[in-house]
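Participant: Below is upload.pdb; it holds PDB, C-alpha atoms and all ligand atoms.
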ATOM      1  CA  MET A1455     -49.855  -8.745 -16.964  1.00  0.00           C
ATOM      2  CA  ALA A1456     -49.014  -6.299 -14.198  1.00  0.00           C
ATOM      3  CA  SER A1457     -50.659  -3.281 -15.865  1.00  0.00           C
ATOM      4  CA  GLU A1458     -54.073  -4.846 -16.506  1.00  0.00           C
ATOM      5  CA  LYS A1459     -57.075  -3.656 -14.551  1.00  0.00           C
ATOM      6  CA  ILE A1460     -59.559  -5.857 -12.718  1.00  0.00           C
ATOM      7  CA  ASN A1461     -62.895  -6.172 -14.550  1.00  0.00           C
ATOM      8  CA  ILE A1462     -65.679  -4.861 -12.326  1.00  0.00           C
ATOM      9  CA  ALA A1463     -69.466  -5.332 -12.536  1.00  0.00           C
ATOM     10  CA  VAL A1464     -71.743  -3.031 -10.544  1.00  0.00           C
ATOM     11  CA  PHE A1465     -75.194  -4.354  -9.557  1.00  0.00           C
ATOM     12  CA  VAL A1466     -77.930  -1.736  -9.060  1.00  0.00           C
ATOM     13  CA  SER A1467     -81.677  -1.473  -8.516  1.00  0.00           C
ATOM     14  CA  GLY A1468     -82.513   2.218  -8.079  1.00  0.00           C
ATOM     15  CA  GLY A1469     -81.124   5.731  -8.246  1.00  0.00           C
ATOM     16  CA  GLY A1470     -77.543   4.671  -8.707  1.00  0.00           C
ATOM     17  CA  THR A1471     -75.846   7.476  -6.777  1.00  0.00           C
ATOM     18  CA  ASN A1472     -73.266   4.965  -5.535  1.00  0.00           C
ATOM     19  CA  LEU A1473     -72.704   3.841  -9.128  1.00  0.00           C
ATOM     20  CA  GLN A1474     -72.176   7.516  -9.994  1.00  0.00           C
ATOM     21  CA  ALA A1475     -69.643   7.881  -7.159  1.00  0.00           C
ATOM     22  CA  LEU A1476     -67.756   4.867  -8.547  1.00  0.00           C
ATOM     23  CA  ILE A1477     -67.778   6.310 -12.078  1.00  0.00           C
ATOM     24  CA  ASP A1478     -66.586   9.715 -10.802  1.00  0.00           C
ATOM     25  CA  LYS A1479     -63.819   8.192  -8.680  1.00  0.00           C
ATOM     26  CA  GLN A1480     -62.700   6.034 -11.589  1.00  0.00           C
ATOM     27  CA  LYS A1481     -62.385   9.194 -13.679  1.00  0.00           C
ATOM     28  CA  SER A1482     -60.520  11.084 -10.950  1.00  0.00           C
ATOM     29  CA  GLY A1483     -58.086   8.192 -10.428  1.00  0.00           C
ATOM     30  CA  VAL A1484     -59.143   7.048  -6.946  1.00  0.00           C
ATOM     31  CA  ILE A1485     -60.090   3.743  -8.615  1.00  0.00           C
ATOM     32  CA  LYS A1486     -57.093   2.821 -10.736  1.00  0.00           C
ATOM     33  CA  SER A1487     -56.662  -0.929 -10.233  1.00  0.00           C
ATOM     34  CA  GLY A1488     -60.057  -1.845 -11.672  1.00  0.00           C
ATOM     35  CA  GLU A1489     -62.474  -0.712 -14.353  1.00  0.00           C
ATOM     36  CA  ILE A1490     -66.279  -0.867 -14.488  1.00  0.00           C
ATOM     37  CA  LYS A1491     -67.041  -3.074 -17.495  1.00  0.00           C
ATOM     38  CA  LEU A1492     -70.669  -3.929 -16.826  1.00  0.00           C
ATOM     39  CA  VAL A1493     -73.715  -2.676 -14.932  1.00  0.00           C
ATOM     40  CA  ILE A1494     -76.525  -5.114 -14.093  1.00  0.00           C
ATOM     41  CA  SER A1495     -79.882  -3.700 -12.982  1.00  0.00           C
ATOM     42  CA  SER A1496     -82.589  -5.800 -11.357  1.00  0.00           C
ATOM     43  CA  ASN A1497     -85.074  -3.036 -12.161  1.00  0.00           C
ATOM     44  CA  PRO A1498     -85.862  -1.918 -15.724  1.00  0.00           C
ATOM     45  CA  GLU A1499     -86.942   1.523 -14.415  1.00  0.00           C
ATOM     46  CA  ALA A1500     -83.787   2.234 -12.386  1.00  0.00           C
ATOM     47  CA  TYR A1501     -82.277   5.685 -12.960  1.00  0.00           C
ATOM     48  CA  ALA A1502     -78.896   3.965 -12.562  1.00  0.00           C
ATOM     49  CA  ILE A1503     -79.370   2.604 -16.120  1.00  0.00           C
ATOM     50  CA  LYS A1504     -79.322   6.173 -17.488  1.00  0.00           C
ATOM     51  CA  ARG A1505     -76.083   6.838 -15.591  1.00  0.00           C
ATOM     52  CA  ALA A1506     -74.457   3.753 -17.155  1.00  0.00           C
ATOM     53  CA  ASN A1507     -75.728   4.641 -20.640  1.00  0.00           C
ATOM     54  CA  LYS A1508     -74.366   8.178 -20.338  1.00  0.00           C
ATOM     55  CA  GLU A1509     -70.913   6.724 -19.672  1.00  0.00           C
ATOM     56  CA  LYS A1510     -71.333   4.084 -22.413  1.00  0.00           C
ATOM     57  CA  ILE A1511     -70.856   1.299 -19.892  1.00  0.00           C
ATOM     58  CA  PRO A1512     -72.651  -1.877 -21.062  1.00  0.00           C
ATOM     59  CA  CYS A1513     -75.815  -2.265 -18.995  1.00  0.00           C
ATOM     60  CA  GLU A1514     -78.048  -5.322 -18.786  1.00  0.00           C
ATOM     61  CA  VAL A1515     -81.416  -5.649 -17.046  1.00  0.00           C
ATOM     62  CA  ILE A1516     -82.271  -8.898 -15.288  1.00  0.00           C
ATOM     63  CA  SER A1517     -85.620  -8.572 -13.596  1.00  0.00           C
ATOM     64  CA  LYS A1518     -86.478 -11.208 -11.018  1.00  0.00           C
ATOM     65  CA  LYS A1519     -90.115 -11.297 -12.073  1.00  0.00           C
ATOM     66  CA  ASP A1520     -89.101 -12.334 -15.592  1.00  0.00           C
ATOM     67  CA  CYS A1521     -87.194 -15.311 -14.171  1.00  0.00           C
ATOM     68  CA  LEU A1522     -88.602 -18.738 -13.346  1.00  0.00           C
ATOM     69  CA  SER A1523     -86.825 -19.004  -9.991  1.00  0.00           C
ATOM     70  CA  GLN A1524     -83.978 -17.630  -7.876  1.00  0.00           C
ATOM     71  CA  SER A1525     -81.647 -20.103  -9.620  1.00  0.00           C
ATOM     72  CA  ASP A1526     -82.796 -18.942 -13.036  1.00  0.00           C
ATOM     73  CA  PHE A1527     -82.237 -15.292 -11.976  1.00  0.00           C
ATOM     74  CA  GLU A1528     -78.751 -16.097 -10.721  1.00  0.00           C
ATOM     75  CA  ASP A1529     -77.861 -18.253 -13.749  1.00  0.00           C
ATOM     76  CA  LYS A1530     -78.707 -15.338 -16.049  1.00  0.00           C
ATOM     77  CA  ILE A1531     -76.423 -13.079 -13.988  1.00  0.00           C
ATOM     78  CA  LEU A1532     -73.652 -15.704 -13.918  1.00  0.00           C
ATOM     79  CA  ALA A1533     -73.778 -16.008 -17.712  1.00  0.00           C
ATOM     80  CA  LEU A1534     -73.261 -12.251 -18.057  1.00  0.00           C
ATOM     81  CA  LEU A1535     -70.393 -12.267 -15.571  1.00  0.00           C
ATOM     82  CA  LYS A1536     -68.714 -14.953 -17.631  1.00  0.00           C
ATOM     83  CA  LYS A1537     -69.367 -13.137 -20.902  1.00  0.00           C
ATOM     84  CA  TYR A1538     -67.720  -9.955 -19.579  1.00  0.00           C
ATOM     85  CA  ASN A1539     -64.946 -11.813 -17.738  1.00  0.00           C
ATOM     86  CA  ILE A1540     -65.887 -10.125 -14.453  1.00  0.00           C
ATOM     87  CA  GLU A1541     -63.486 -10.502 -11.517  1.00  0.00           C
ATOM     88  CA  LEU A1542     -65.093  -8.245  -8.902  1.00  0.00           C
ATOM     89  CA  ILE A1543     -68.790  -7.596  -8.220  1.00  0.00           C
ATOM     90  CA  VAL A1544     -69.945  -4.422  -6.456  1.00  0.00           C
ATOM     91  CA  LEU A1545     -73.455  -4.330  -4.990  1.00  0.00           C
ATOM     92  CA  ALA A1546     -74.341  -0.637  -5.069  1.00  0.00           C
ATOM     93  CA  GLY A1547     -77.940  -0.347  -3.925  1.00  0.00           C
ATOM     94  CA  PHE A1548     -78.780  -3.825  -5.264  1.00  0.00           C
ATOM     95  CA  MET A1549     -82.046  -4.793  -3.591  1.00  0.00           C
ATOM     96  CA  CYS A1550     -82.007  -8.541  -4.258  1.00  0.00           C
ATOM     97  CA  ILE A1551     -80.519 -11.190  -2.000  1.00  0.00           C
ATOM     98  CA  LEU A1552     -78.061 -13.577  -3.649  1.00  0.00           C
ATOM     99  CA  SER A1553     -78.096 -17.206  -2.525  1.00  0.00           C
ATOM    100  CA  GLU A1554     -75.172 -19.171  -1.160  1.00  0.00           C
ATOM    101  CA  ARG A1555     -75.060 -21.004  -4.481  1.00  0.00           C
ATOM    102  CA  PHE A1556     -74.133 -17.679  -6.072  1.00  0.00           C
ATOM    103  CA  THR A1557     -71.983 -16.075  -3.358  1.00  0.00           C
ATOM    104  CA  SER A1558     -69.857 -19.221  -2.889  1.00  0.00           C
ATOM    105  CA  LYS A1559     -68.734 -18.892  -6.503  1.00  0.00           C
ATOM    106  CA  TYR A1560     -67.172 -15.486  -5.728  1.00  0.00           C
ATOM    107  CA  PRO A1561     -65.499 -15.684  -2.306  1.00  0.00           C
ATOM    108  CA  LYS A1562     -64.087 -12.258  -1.377  1.00  0.00           C
ATOM    109  CA  ARG A1563     -65.013 -11.094  -4.866  1.00  0.00           C
ATOM    110  CA  ILE A1564     -68.354  -9.461  -4.007  1.00  0.00           C
ATOM    111  CA  VAL A1565     -68.570  -6.233  -2.003  1.00  0.00           C
ATOM    112  CA  ASN A1566     -71.668  -4.448  -0.743  1.00  0.00           C
ATOM    113  CA  VAL A1567     -72.338  -1.001   0.674  1.00  0.00           C
ATOM    114  CA  HIS A1568     -74.810  -0.881   3.558  1.00  0.00           C
ATOM    115  CA  PRO A1569     -76.130   2.393   5.030  1.00  0.00           C
ATOM    116  CA  SER A1570     -75.458   1.728   8.730  1.00  0.00           C
ATOM    117  CA  LEU A1571     -72.639   0.719  11.031  1.00  0.00           C
ATOM    118  CA  ILE A1572     -72.911  -3.091  10.878  1.00  0.00           C
ATOM    119  CA  PRO A1573     -73.892  -4.970  13.082  1.00  0.00           C
ATOM    120  CA  SER A1574     -76.570  -2.321  13.767  1.00  0.00           C
ATOM    121  CA  PHE A1575     -79.654  -2.096  11.543  1.00  0.00           C
ATOM    122  CA  CYS A1576     -78.651  -4.765   9.047  1.00  0.00           C
ATOM    123  CA  GLY A1577     -79.692  -8.154   7.748  1.00  0.00           C
ATOM    124  CA  LYS A1578     -82.935  -9.266   6.125  1.00  0.00           C
ATOM    125  CA  GLY A1579     -85.506  -6.462   5.793  1.00  0.00           C
ATOM    126  CA  PHE A1580     -83.014  -3.644   6.376  1.00  0.00           C
ATOM    127  CA  TYR A1581     -82.472  -1.832   3.100  1.00  0.00           C
ATOM    128  CA  GLY A1582     -82.655   1.711   1.740  1.00  0.00           C
ATOM    129  CA  LEU A1583     -84.735   4.156   3.784  1.00  0.00           C
ATOM    130  CA  LYS A1584     -85.857   1.399   6.190  1.00  0.00           C
ATOM    131  CA  VAL A1585     -82.359   1.378   7.675  1.00  0.00           C
ATOM    132  CA  HIS A1586     -82.515   5.096   8.481  1.00  0.00           C
ATOM    133  CA  GLU A1587     -86.087   4.814   9.810  1.00  0.00           C
ATOM    134  CA  ALA A1588     -84.858   2.116  12.221  1.00  0.00           C
ATOM    135  CA  ALA A1589     -81.837   4.176  13.309  1.00  0.00           C
ATOM    136  CA  LEU A1590     -84.075   7.194  14.046  1.00  0.00           C
ATOM    137  CA  ALA A1591     -86.677   5.063  15.845  1.00  0.00           C
ATOM    138  CA  TYR A1592     -83.964   3.602  18.076  1.00  0.00           C
ATOM    139  CA  GLY A1593     -82.577   7.057  18.780  1.00  0.00           C
ATOM    140  CA  VAL A1594     -78.915   6.427  17.961  1.00  0.00           C
ATOM    141  CA  LYS A1595     -76.785   9.577  17.865  1.00  0.00           C
ATOM    142  CA  VAL A1596     -74.227   8.152  15.462  1.00  0.00           C
ATOM    143  CA  THR A1597     -74.824   6.015  12.375  1.00  0.00           C
ATOM    144  CA  GLY A1598     -72.817   5.604   9.178  1.00  0.00           C
ATOM    145  CA  ALA A1599     -72.017   3.206   6.373  1.00  0.00           C
ATOM    146  CA  THR A1600     -70.219  -0.101   5.990  1.00  0.00           C
ATOM    147  CA  VAL A1601     -68.578  -1.761   3.013  1.00  0.00           C
ATOM    148  CA  HIS A1602     -68.180  -5.498   3.456  1.00  0.00           C
ATOM    149  CA  PHE A1603     -67.568  -8.699   1.557  1.00  0.00           C
ATOM    150  CA  VAL A1604     -70.722 -10.613   0.691  1.00  0.00           C
ATOM    151  CA  ASN A1605     -71.199 -14.188   1.837  1.00  0.00           C
ATOM    152  CA  GLU A1606     -74.274 -16.361   2.473  1.00  0.00           C
ATOM    153  CA  ILE A1607     -75.368 -14.302   5.510  1.00  0.00           C
ATOM    154  CA  PRO A1608     -77.174 -11.050   4.560  1.00  0.00           C
ATOM    155  CA  ASP A1609     -74.818  -8.183   5.581  1.00  0.00           C
ATOM    156  CA  GLY A1610     -72.718 -10.786   7.449  1.00  0.00           C
ATOM    157  CA  GLY A1611     -69.441 -10.863   5.514  1.00  0.00           C
ATOM    158  CA  GLU A1612     -66.070  -9.478   6.612  1.00  0.00           C
ATOM    159  CA  ILE A1613     -66.004  -5.711   7.020  1.00  0.00           C
ATOM    160  CA  ILE A1614     -63.702  -3.777   4.664  1.00  0.00           C
ATOM    161  CA  MET A1615     -64.363  -0.148   5.711  1.00  0.00           C
ATOM    162  CA  GLN A1616     -66.754   1.811   7.936  1.00  0.00           C
ATOM    163  CA  LYS A1617     -67.384   5.515   8.409  1.00  0.00           C
ATOM    164  CA  ALA A1618     -69.450   7.151  11.130  1.00  0.00           C
ATOM    165  CA  VAL A1619     -71.939   9.981  10.523  1.00  0.00           C
ATOM    166  CA  GLU A1620     -73.708  12.106  13.137  1.00  0.00           C
ATOM    167  CA  VAL A1621     -77.493  11.993  13.516  1.00  0.00           C
ATOM    168  CA  CYS A1622     -78.837  15.554  13.818  1.00  0.00           C
ATOM    169  CA  GLU A1623     -81.807  16.949  15.741  1.00  0.00           C
ATOM    170  CA  GLY A1624     -84.886  16.943  13.500  1.00  0.00           C
ATOM    171  CA  ASP A1625     -83.497  14.438  11.010  1.00  0.00           C
ATOM    172  CA  THR A1626     -85.969  12.594   8.800  1.00  0.00           C
ATOM    173  CA  PRO A1627     -85.075   9.271   7.155  1.00  0.00           C
ATOM    174  CA  GLU A1628     -84.477  11.234   3.960  1.00  0.00           C
ATOM    175  CA  THR A1629     -82.134  13.864   5.459  1.00  0.00           C
ATOM    176  CA  LEU A1630     -80.209  11.171   7.321  1.00  0.00           C
ATOM    177  CA  GLN A1631     -79.946   9.013   4.201  1.00  0.00           C
ATOM    178  CA  LYS A1632     -78.516  11.927   2.250  1.00  0.00           C
ATOM    179  CA  ARG A1633     -75.929  12.750   4.959  1.00  0.00           C
ATOM    180  CA  VAL A1634     -74.840   9.103   5.173  1.00  0.00           C
ATOM    181  CA  MET A1635     -74.494   8.910   1.392  1.00  0.00           C
ATOM    182  CA  VAL A1636     -72.525  12.145   0.995  1.00  0.00           C
ATOM    183  CA  ASN A1637     -70.292  11.767   4.047  1.00  0.00           C
ATOM    184  CA  ALA A1638     -69.768   8.015   4.098  1.00  0.00           C
ATOM    185  CA  GLU A1639     -71.052   5.787   1.267  1.00  0.00           C
ATOM    186  CA  TRP A1640     -69.759   7.816  -1.692  1.00  0.00           C
ATOM    187  CA  ILE A1641     -66.337   7.961  -0.025  1.00  0.00           C
ATOM    188  CA  ILE A1642     -65.751   4.484   1.385  1.00  0.00           C
ATOM    189  CA  LEU A1643     -67.320   2.506  -1.469  1.00  0.00           C
ATOM    190  CA  PRO A1644     -64.850   3.764  -4.116  1.00  0.00           C
ATOM    191  CA  GLN A1645     -61.955   3.498  -1.636  1.00  0.00           C
ATOM    192  CA  SER A1646     -62.911  -0.098  -0.819  1.00  0.00           C
ATOM    193  CA  VAL A1647     -63.281  -0.992  -4.490  1.00  0.00           C
ATOM    194  CA  GLU A1648     -59.764   0.290  -5.143  1.00  0.00           C
ATOM    195  CA  LYS A1649     -58.413  -1.553  -2.103  1.00  0.00           C
ATOM    196  CA  VAL A1650     -59.967  -4.886  -3.127  1.00  0.00           C
ATOM    197  CA  SER A1651     -59.092  -4.467  -6.840  1.00  0.00           C
ATOM    198  CA  LYS A1652     -55.484  -3.816  -5.863  1.00  0.00           C
ATOM    199  CA  GLN A1653     -55.436  -6.918  -3.649  1.00  0.00           C
ATOM    200  CA  ILE A1654     -56.862  -9.087  -6.454  1.00  0.00           C
ATOM    201  CA  LYS A1655     -54.265  -7.724  -8.892  1.00  0.00           C
ATOM    202  CA  GLU A1656     -51.465  -8.440  -6.450  1.00  0.00           C
ATOM    203  CA  LEU A1657     -52.699 -12.012  -5.961  1.00  0.00           C
ATOM    204  CA  GLN A1658     -52.834 -12.504  -9.725  1.00  0.00           C
ATOM    205  CA  ASN A1659     -49.298 -11.201 -10.199  1.00  0.00           C
ATOM    206  CA  LYS A1660     -47.770 -13.401  -7.500  1.00  0.00           C
TER     207      LYS A1660
HETATM  208  C1  LIG B1701     -77.845   3.267  -0.598  1.00  0.00           C
HETATM  209  O1  LIG B1701     -78.053   4.015   0.567  1.00  0.00           O
HETATM  210  C2  LIG B1701     -77.292   1.891  -0.261  1.00  0.00           C
HETATM  211  O2  LIG B1701     -76.395   1.899   0.803  1.00  0.00           O
HETATM  212  C3  LIG B1701     -78.555   1.174   0.120  1.00  0.00           C
HETATM  213  O3  LIG B1701     -79.531   1.641  -0.791  1.00  0.00           O
HETATM  214  C4  LIG B1701     -79.187   2.940  -1.259  1.00  0.00           C
HETATM  215  C5  LIG B1701     -79.083   2.904  -2.767  1.00  0.00           C
HETATM  216  O4  LIG B1701     -78.887   4.185  -3.297  1.00  0.00           O
HETATM  217  N1  LIG B1701     -78.365  -0.232   0.060  1.00  0.00           N
HETATM  218  C6  LIG B1701     -78.951  -1.079   0.910  1.00  0.00           C
HETATM  219  O5  LIG B1701     -79.732  -0.731   1.773  1.00  0.00           O
HETATM  220  C7  LIG B1701     -78.574  -2.546   0.727  1.00  0.00           C
HETATM  221  N2  LIG B1701     -78.879  -3.283   1.894  1.00  0.00           N
HETATM  222  P1  LIG B1701     -78.285   4.408  -4.768  1.00  0.00           P
HETATM  223  O6  LIG B1701     -79.096   3.557  -5.739  1.00  0.00           O
HETATM  224  O7  LIG B1701     -78.488   5.870  -5.020  1.00  0.00           O
HETATM  225  O8  LIG B1701     -76.833   4.026  -4.759  1.00  0.00           O
END
As structure tokens - that is how I would like this structure written.
Ligand code: GAR
Facilitator:
Amino acid sequence: MASEKINIAVFVSGGGTNLQALIDKQKSGVIKSGEIKLVISSNPEAYAIKRANKEKIPCEVISKKDCLSQSDFEDKILALLKKYNIELIVLAGFMCILSERFTSKYPKRIVNVHPSLIPSFCGKGFYGLKVHEAALAYGVKVTGATVHFVNEIPDGGEIIMQKAVEVCEGDTPETLQKRVMVNAEWIILPQSVEKVSKQIKELQNK
């Protein structure tokens, strides 16, 4: 049916400010082709869980250390995705790597936000504050954020949107992280989610 929205799951591990940006932009109508139906946290302590609860969005915790293996971890996630009929997965500060076995089941149906301009400061070992530490250590004058599709290569999938952010004199990893979030991530992640949701809807209605 042409009017139906795409069912979205957001995967989180920490503070969940990107989840919050998605919730806010869904409310304000920037995201109109999809709806967040499920939040999955890899961390039982994540503040993101409180954000989901406040909005009454179903939230499930799947902690890797409670799983027998990577496959067991991914099978538990896959079962939830099936249960909630999820069509698009958004990695919003999700600090676990998903194997090819998982990503190949959702080609162009998983998006990730990364806090640098890919291909700089990305791939295995580059996550969270570490990305900004590396950017400052290198001395780049411009950094930013990237939203991309997720495939078997960490941070290697097709780029959907990027936004540049200036590095300022005296920046610390924390001040740079905040500027990249406010001026790039919280803007291009919701925009990308709408763009991809709209594309999926159009494909379904063909
Ligand atoms: C964000 O900066 C996100 O881009 C980054 O972690 C932070 C999570 O913050 N993700 C990665 O580094 C993934 N490689 P949040 O929990 O407040 O959204």
Participant: Pick out the residues sitting within 6 Å of segment 1486-1489 of chain A, and hand them over as a PDB file with C-alpha atoms, in the frame of the given file; count all atoms listed in the file, and ignore anything fewer than 5 positions along from it in its own chain.
Facilitator:
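Once written, around_31.pdb looks like this:
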ATOM      1  CA  LYS A1459     -57.075  -3.656 -14.551  1.00  0.00           C
ATOM      2  CA  ILE A1460     -59.559  -5.857 -12.718  1.00  0.00           C
ATOM      3  CA  ASN A1461     -62.895  -6.172 -14.550  1.00  0.00           C
ATOM      4  CA  ILE A1462     -65.679  -4.861 -12.326  1.00  0.00           C
ATOM      5  CA  SER A1651     -59.092  -4.467  -6.840  1.00  0.00           C
ATOM      6  CA  LYS A1652     -55.484  -3.816  -5.863  1.00  0.00           C
TER       7      LYS A1652
END
Participant: Could you list the protein, DNA and RNA residues that have any atom within 9 Å of ligand LIG 1701 (chain B), counting all atoms listed in the file, and write them as an MDAnalysis selection string?
Facilitator: chainID A and resid 1466:1475 1500:1502 1545:1551 1566:1570 1576:1585 1599:1601 1608:1609 1631:1632 1634:1635 1639:1640
Participant: At what distance in Å, to one decimal, does atom CA of Gln1645 of chain A lie from atom CA of Lys1536 of chain A?
Facilitator: 25.3 Å
Participant: Do you know which residues are at most 6 Å from Ser1496 of chain A counting all atoms listed in the file, after dropping those on the same chain fewer than 3 positions away, and could you put them as a PyMOL selection string?
Facilitator: chain A and resi 1467+1515-1517
Participant: Show me as a PyMOL selection string the residues that reach within 10 Å of (-61.2, -8.6, -0.6), counting all atoms listed in the file and using the file's own coordinates.
Facilitator: chain A and resi 1542+1561-1565+1602-1604+1612-1614+1646-1647+1649-1654
Participant: How many Å separate atom CA of Tyr1560 of chain A from atom CA of Asn1605 of chain A?
Facilitator: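 Between atom CA of Tyr1560 of chain A and atom CA of Asn1605 of chain A the gap is 8.7 Å.
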Participant: Can you measure atom CA of Lys1518 of chain A to atom CA of Ala1533 of chain A for me? One decimal in Å is fine.
Facilitator: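 Pair atom CA of Lys1518 of chain A / atom CA of Ala1533 of chain A returns 15.1 Å.
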Participant: Which is closer to Asp1625 of chain A than all the others in A:Ile1607, A:Ala1591, A:Leu1643, A:Ile1485, using only C-alpha atoms?
Facilitator: A:Ala1591
Participant: Please evaluate the PyMOL selection byres (((chain A and resi 1509) around 12) and not hetatm) against the structure above and give the resulting residues as a ChimeraX atom specification.
Facilitator: /A:1473-1474,1476-1478,1480-1481,1490-1493,1502-1508,1510-1513
Participant: Using C-alpha atoms, can you export the residues from the last selection as a PDB file, keeping the file's coordinate frame?
Facilitator:
ATOM      1  CA  LEU A1473     -72.704   3.841  -9.128  1.00  0.00           C
ATOM      2  CA  GLN A1474     -72.176   7.516  -9.994  1.00  0.00           C
ATOM      3  CA  LEU A1476     -67.756   4.867  -8.547  1.00  0.00           C
ATOM      4  CA  ILE A1477     -67.778   6.310 -12.078  1.00  0.00           C
ATOM      5  CA  ASP A1478     -66.586   9.715 -10.802  1.00  0.00           C
ATOM      6  CA  GLN A1480     -62.700   6.034 -11.589  1.00  0.00           C
ATOM      7  CA  LYS A1481     -62.385   9.194 -13.679  1.00  0.00           C
ATOM      8  CA  ILE A1490     -66.279  -0.867 -14.488  1.00  0.00           C
ATOM      9  CA  LYS A1491     -67.041  -3.074 -17.495  1.00  0.00           C
ATOM     10  CA  LEU A1492     -70.669  -3.929 -16.826  1.00  0.00           C
ATOM     11  CA  VAL A1493     -73.715  -2.676 -14.932  1.00  0.00           C
ATOM     12  CA  ALA A1502     -78.896   3.965 -12.562  1.00  0.00           C
ATOM     13  CA  ILE A1503     -79.370   2.604 -16.120  1.00  0.00           C
ATOM     14  CA  LYS A1504     -79.322   6.173 -17.488  1.00  0.00           C
ATOM     15  CA  ARG A1505     -76.083   6.838 -15.591  1.00  0.00           C
ATOM     16  CA  ALA A1506     -74.457   3.753 -17.155  1.00  0.00           C
ATOM     17  CA  ASN A1507     -75.728   4.641 -20.640  1.00  0.00           C
ATOM     18  CA  LYS A1508     -74.366   8.178 -20.338  1.00  0.00           C
ATOM     19  CA  LYS A1510     -71.333   4.084 -22.413  1.00  0.00           C
ATOM     20  CA  ILE A1511     -70.856   1.299 -19.892  1.00  0.00           C
ATOM     21  CA  PRO A1512     -72.651  -1.877 -21.062  1.00  0.00           C
ATOM     22  CA  CYS A1513     -75.815  -2.265 -18.995  1.00  0.00           C
TER      23      CYS A1513
END
Participant: Edge lengths and centre in Å to one decimal, as JSON, of the axis-aligned box that encloses all listed atoms of segment 1465-1477 of chain A with 3 Å added on every side?
Facilitator:
{"center_x": -75.1, "center_y": 1.8, "center_z": -8.8, "size_x": 20.8, "size_y": 18.2, "size_z": 12.5}
Participant: Name the residues captured by the PyMOL selection byres (((chain A and resi 1622) around 12) and not hetatm) when it is applied to the shown file; answer as a ChimeraX atom specification.
Facilitator: /A:1589-1590,1593-1597,1619-1621,1623-1627,1629-1631,1633-1634
Participant: Rank nothing, just name the residue among A:Lys1660, A:Ala1638, A:Ala1463, A:Pro1644 nearest to Asn1539 of chain A, using only C-alpha atoms.
Facilitator: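 Of all the options, A:Ala1463 lies closest to Asn1539 of chain A.
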